[in-house]
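To start, the structure itself, in structure tokens.
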Amino acid sequence: MKRVRANILVKGIVQGVGFRHFVLVNARRLNITEGYVRNLPTGDVEVVVEGERGLLNELIKQLRIGPRSAWVKDVVVSFGEPTGEFDSFEVRF
């Protein structure tokens with residue numbers, strides 16, 4: 001399967017609602033092991049992830065739903081070539 005990099009911006013009420021933990025749990029469930037999730041000063045959540053395209057698409061589906069206490073207004077995704085820079089998936093602060 002083709003490996004890709006996805007730069008994802010999640011907009012809405014996505015901070016202070018457990019969104020980063022939600023992303024981490026779903027990434028682990030899908031065995032996605034490369035990338036990070038972090039809050040941005042804009043109130044959005046950024047997810048940068050590398051892996052098999054089908055698994056990343058599944059993660060993106062989950063991001064559109066979000067945890068129960070979140071309200072996801074939009075998910076903006078751009079795909080590119082993987083860089084191989086990650087050795088784990090983590091929450092960044």
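Letters A, B, ... go to the chains of the structure tokens in the order shown; residues in each chain start at 1; ligands are counted from 1 in the same order.
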DSSP says alpha helix (DSSP H) for which residues of region 7-69 of chain A? Put them as a ChimeraX atom specification?
-> /A:19-29,53-65
Could you pull out the residues in region 2-89 of chain A that DSSP calls strand (DSSP E) from the backbone, as a count of residues only?
-> 36
Skip Tyr36 (chain A) itself and residues of its chain fewer than 2 positions away, then list as a ChimeraX atom specification all residues within 9 Å of it, counting only C-alpha atoms.
-> /A:24,34,38,46-49,86,88-92
Would you output that residue set with N, CA and C atoms, as a PDB file, in the first residue's frame?
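And here's result-v6.pdb as it stands now:
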ATOM      1  N   LEU A  24      -5.165  10.486  19.583  1.00  0.00           N
ATOM      2  CA  LEU A  24      -4.143   9.522  19.990  1.00  0.00           C
ATOM      3  C   LEU A  24      -4.720   8.113  20.097  1.00  0.00           C
ATOM      4  N   GLU A  34       3.174   7.157  13.235  1.00  0.00           N
ATOM      5  CA  GLU A  34       4.060   8.247  12.830  1.00  0.00           C
ATOM      6  C   GLU A  34       3.287   9.552  12.731  1.00  0.00           C
ATOM      7  N   ARG A  38      -1.640  18.417  17.889  1.00  0.00           N
ATOM      8  CA  ARG A  38      -1.409  19.526  18.815  1.00  0.00           C
ATOM      9  C   ARG A  38      -2.497  20.585  18.650  1.00  0.00           C
ATOM     10  N   GLU A  46      -4.249  20.626  14.989  1.00  0.00           N
ATOM     11  CA  GLU A  46      -3.445  20.188  13.844  1.00  0.00           C
ATOM     12  C   GLU A  46      -3.035  18.735  14.055  1.00  0.00           C
ATOM     13  N   VAL A  47      -3.204  17.936  13.004  1.00  0.00           N
ATOM     14  CA  VAL A  47      -2.749  16.552  13.014  1.00  0.00           C
ATOM     15  C   VAL A  47      -1.843  16.384  11.795  1.00  0.00           C
ATOM     16  N   VAL A  48      -0.632  15.939  12.025  1.00  0.00           N
ATOM     17  CA  VAL A  48       0.293  15.606  10.939  1.00  0.00           C
ATOM     18  C   VAL A  48       0.612  14.135  11.117  1.00  0.00           C
ATOM     19  N   VAL A  49       0.356  13.356  10.065  1.00  0.00           N
ATOM     20  CA  VAL A  49       0.474  11.909  10.209  1.00  0.00           C
ATOM     21  C   VAL A  49       0.980  11.299   8.916  1.00  0.00           C
ATOM     22  N   PHE A  86       9.191  10.887  11.572  1.00  0.00           N
ATOM     23  CA  PHE A  86       8.592  10.494  12.852  1.00  0.00           C
ATOM     24  C   PHE A  86       8.982   9.074  13.235  1.00  0.00           C
ATOM     25  N   SER A  88       7.308   7.939  16.182  1.00  0.00           N
ATOM     26  CA  SER A  88       6.171   7.608  17.032  1.00  0.00           C
ATOM     27  C   SER A  88       5.026   8.566  16.706  1.00  0.00           C
ATOM     28  N   PHE A  89       3.856   8.286  17.276  1.00  0.00           N
ATOM     29  CA  PHE A  89       2.727   9.225  17.193  1.00  0.00           C
ATOM     30  C   PHE A  89       2.560   9.802  18.575  1.00  0.00           C
ATOM     31  N   GLU A  90       2.521  11.135  18.689  1.00  0.00           N
ATOM     32  CA  GLU A  90       2.521  11.763  20.004  1.00  0.00           C
ATOM     33  C   GLU A  90       1.615  12.980  20.051  1.00  0.00           C
ATOM     34  N   VAL A  91       1.285  13.346  21.278  1.00  0.00           N
ATOM     35  CA  VAL A  91       0.609  14.614  21.538  1.00  0.00           C
ATOM     36  C   VAL A  91       1.701  15.645  21.792  1.00  0.00           C
ATOM     37  N   ARG A  92       1.653  16.747  21.052  1.00  0.00           N
ATOM     38  CA  ARG A  92       2.621  17.821  21.262  1.00  0.00           C
ATOM     39  C   ARG A  92       1.937  18.991  21.956  1.00  0.00           C
TER      40      ARG A  92
END
Excluding region 65-69 of chain A and residues on its chain fewer than 3 positions from it, collect all residues at most 8 Å away from it, counting only C-alpha atoms, and give them as a VMD selection string.
-> chain A and resid 17 to 19 22 61 to 62 72
Excluding Lys73 (chain A) and any residue of its chain fewer than 2 positions from it, enumerate the residues within 9 Å of it, using only C-alpha atoms, and give them as a PyMOL selection string.
-> chain A and resi 10-13+64+71+75
Using only N, CA and C atoms, please write the residues we just selected to a file, as a PDB file, in the first residue's frame.
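So selection.pdb came out as:
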ATOM      1  N   VAL A  10      -8.310  20.584  12.001  1.00  0.00           N
ATOM      2  CA  VAL A  10      -9.668  20.338  12.482  1.00  0.00           C
ATOM      3  C   VAL A  10     -10.180  21.625  13.110  1.00  0.00           C
ATOM      4  N   LYS A  11     -11.319  22.114  12.594  1.00  0.00           N
ATOM      5  CA  LYS A  11     -11.889  23.383  13.049  1.00  0.00           C
ATOM      6  C   LYS A  11     -13.210  23.151  13.765  1.00  0.00           C
ATOM      7  N   GLY A  12     -13.527  24.042  14.683  1.00  0.00           N
ATOM      8  CA  GLY A  12     -14.767  23.949  15.446  1.00  0.00           C
ATOM      9  C   GLY A  12     -14.473  24.100  16.928  1.00  0.00           C
ATOM     10  N   ILE A  13     -15.289  23.483  17.765  1.00  0.00           N
ATOM     11  CA  ILE A  13     -15.022  23.456  19.206  1.00  0.00           C
ATOM     12  C   ILE A  13     -14.238  22.171  19.458  1.00  0.00           C
ATOM     13  N   ARG A  64     -13.670  13.688  11.681  1.00  0.00           N
ATOM     14  CA  ARG A  64     -14.886  14.417  11.296  1.00  0.00           C
ATOM     15  C   ARG A  64     -15.996  14.237  12.331  1.00  0.00           C
ATOM     16  N   TRP A  71     -17.398  19.764  18.789  1.00  0.00           N
ATOM     17  CA  TRP A  71     -18.239  20.098  17.642  1.00  0.00           C
ATOM     18  C   TRP A  71     -17.302  20.388  16.482  1.00  0.00           C
ATOM     19  N   VAL A  75     -12.933  19.815   8.505  1.00  0.00           N
ATOM     20  CA  VAL A  75     -11.653  19.111   8.530  1.00  0.00           C
ATOM     21  C   VAL A  75     -10.992  19.360   7.175  1.00  0.00           C
TER      22      VAL A  75
END
